[in-house]
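Peer 1: Pasting in a structure now, in structure tokens, and then I'll have a few things to ask.
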Amino acid sequence: MKQQLSGNIVDIFNKNIYPGLVDIEDGLIVKITPVKKAESVYLMPGFVDAHVHIESSMLTPIEFARLAVVHGTVGTVSDPHEIGNVLGREGVEYMIDNAAKSPFKIFFGAPSCVPATNFETAGASITLADIEYLFKERDIKYLAEMMNWPGVLQGDEDVYAKINLAKKLDKKIDGHAPGLQGEEAIQYIKTGISTDHECFTSAEALNKLKNGMKVLVREGSAAKNFEALHGLLHSYPDQMMFCSDDKHPDALLEGHINQLVKRALAKDIDLFKVLKIASVNPVEHYGLEIGLLREGDHADLIVVDSLVDFNILKTFINGKLVAEQGKSLLPEATSRVVNKFNISEKTPADFQLKGESEMVRVIEANDGELITHEVEGRIILSEGYANSNTSEDILKIAVLNRYQEHKPAIAFIKNFGLKNGALASSVAHDSHNIIAVGTNDHYLSEAANLIIKEKGGISAVSEQQQMILSLPIAGLMTDQPGTEVAEKYIQIDKMAKNMGSKLKSPFMTLSFMALLVIPELKLSDQGLFNGKSFNFVEIFK
């Protein structure tokens, strides 16, 4: 099929904008011709999310694609370790096969840390043999984020076997090293780990950039680092990329990488630098089969109204129009259900914790960050049991092993703000057990049981109502249309805020409270964990 597009060509490589015609044949750009006058729109390469866990959108790859193309995204670099923690290699292959049903270009990595640590219970493991299979048989592009940075620094044999395999097969290696600086960062980088999306401060990012690492500016639903890092975009455009990491469906409905592009331009970062970061750098770093608006490239491009408003008018992938005027043209498709959920419903008694003291270690959640802090707080002791202290916003938090029957792990958390009720989720990074926060044991059991009945989801329970968004695929995703899922999510998010939460994204924040590899204090199904000292700690002071 032949077609021709007219507009102002944005040539990132030659830093030039000129009126031209783009001739496309069989999905490839066969010719770009300068002309005196063209349509008053701008043609440029589509955007690439340089690091995302698609599962966090609660959508299958097919449905994720349908929302992303509207915002000018043509491809992603995707780590499927969320479903990997539930189903192992089978889960990774599920994502690959599902993505293959869409023209959207998703390039998967082989999860390097499944399970993420030995201090939690996952549903599966991904071994060195699994990774080698994925590299050789499924054309996996890279070794996904090496979260076990202590293992890297301490010379862990299994960690280095995976790193060396990736290097032997000429695969890129993604990093995950929050807060690592100085000599430790240098040691980490020298292993061949080439990227990091976990920089929370400009100083940390600059240290890594100066030592040759590529830094990803992340804006997701929970972790937002653009404001901290945007000052580096001007000086290091060759070493930086944009990513979302984790994005809930309501946020994906509103925008994607295009939002970062507009924000960078508003900070007076040069257009060509911004587009290099948003499009060229991930394609070149990972060797992706995504076109960059050159003759011979795949016709993966977008049409934009102006370089000020930056509204995405059209998105093309392999020359096919996949989105136009804010509407996705990709078809809906059903997906088969895979899952692992093996526990029975709970009672309030399961969430009781014998009290040893009124003073406890408390997880302090921070809005817009994955990092937590350890603070001291006072709880309520009643009939020998430890209970939430809602007057000081210290609530009980629980993690339930969803793969086998076991007593829930209990701790306390601050800043969720609930006055009466509970929230729960089977999206709980990285092992995806059930995590719940609530004002009393009754509500905690009710919120958890809603999820257990559906074998996955996010739930909210208050005195007035109950609500659940079911996630039957691995307890992480649904194949329902993305717009419908986003609407359901908006409603349950609104309910959580009506219950008192002041967090911008309470369910996303909750999902990271079991992520042990991000300091400082987190809760796994095995107990309260300090991510700095990398060991379990006592609840009571």
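In the structure tokens, chains take letters A, B, ... by order of appearance, with residues numbered from 1 within each chain and ligands from 1 in the order shown.
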What residues in region 336-478 of chain A get the DSSP label strand (DSSP E)? Please answer as an NGL selection string.
Peer 2: :A and (359-364 or 373-378 or 380-382 or 385-387 or 394-400 or 409-414 or 422-425 or 434-438 or 457-461 or 466-470)
Peer 1: Could you name the residues that touch region 4-17 of chain A at 10 Å or less, counting only C-alpha atoms, but leaving out those on the same chain fewer than 3 positions away, as a ChimeraX atom specification?
Peer 2: /A:20-25,29,31-35,37-45,271-276,279-280,292-294,303-306,319
Peer 1: I'd like the contact shell of Pro472 (chain A) - 9 Å cut-off, only C-alpha atoms, skipping same-chain residues fewer than 3 positions apart - returned as a count of residues only.
Peer 2: 12
Peer 1: Can you list, as a ChimeraX atom specification, every protein, DNA or RNA residue that comes within 8 Å of Leu516 (chain A) when you count only C-alpha atoms, leaving out same-chain residues fewer than 4 positions away?
Peer 2: /A:117,521-524,529-531
Peer 1: If you count only C-alpha atoms, which residues fall within 6 Å of region 195-205 of chain A, apart from same-chain ones fewer than 3 positions away, as a PDB file with C-alpha atoms, in the first residue's frame?
Peer 2:
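Writing done, so here's out_6.pdb:
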ATOM      1  CA  ASP A 174      18.977  -2.210  32.830  1.00  0.00           C
ATOM      2  CA  GLY A 175      19.677  -0.914  36.295  1.00  0.00           C
ATOM      3  CA  HIS A 176      17.765  -0.144  39.461  1.00  0.00           C
ATOM      4  CA  PRO A 178      17.991   4.121  44.131  1.00  0.00           C
ATOM      5  CA  LYS A 208      25.571   8.451  37.419  1.00  0.00           C
ATOM      6  CA  MET A 213      25.215   5.664  32.865  1.00  0.00           C
ATOM      7  CA  LYS A 214      22.045   6.648  31.015  1.00  0.00           C
ATOM      8  CA  VAL A 215      19.399   8.184  33.249  1.00  0.00           C
ATOM      9  CA  LEU A 216      15.674   7.862  32.646  1.00  0.00           C
ATOM     10  CA  ALA A 228      14.017  16.954  40.298  1.00  0.00           C
ATOM     11  CA  LEU A 229      15.817  15.961  37.091  1.00  0.00           C
TER      12      LEU A 229
END
Peer 1: Would you pick out the contacts of Asp250 (chain A) at 12 Å or less, using only C-alpha atoms, so that residues sharing its chain but fewer than 4 positions from it are not included, and give the list as number ranges by chain?
Peer 2: A: 56-59, 64, 67-68, 220-221, 246, 254-256, 482-494, 504-505, 507-508
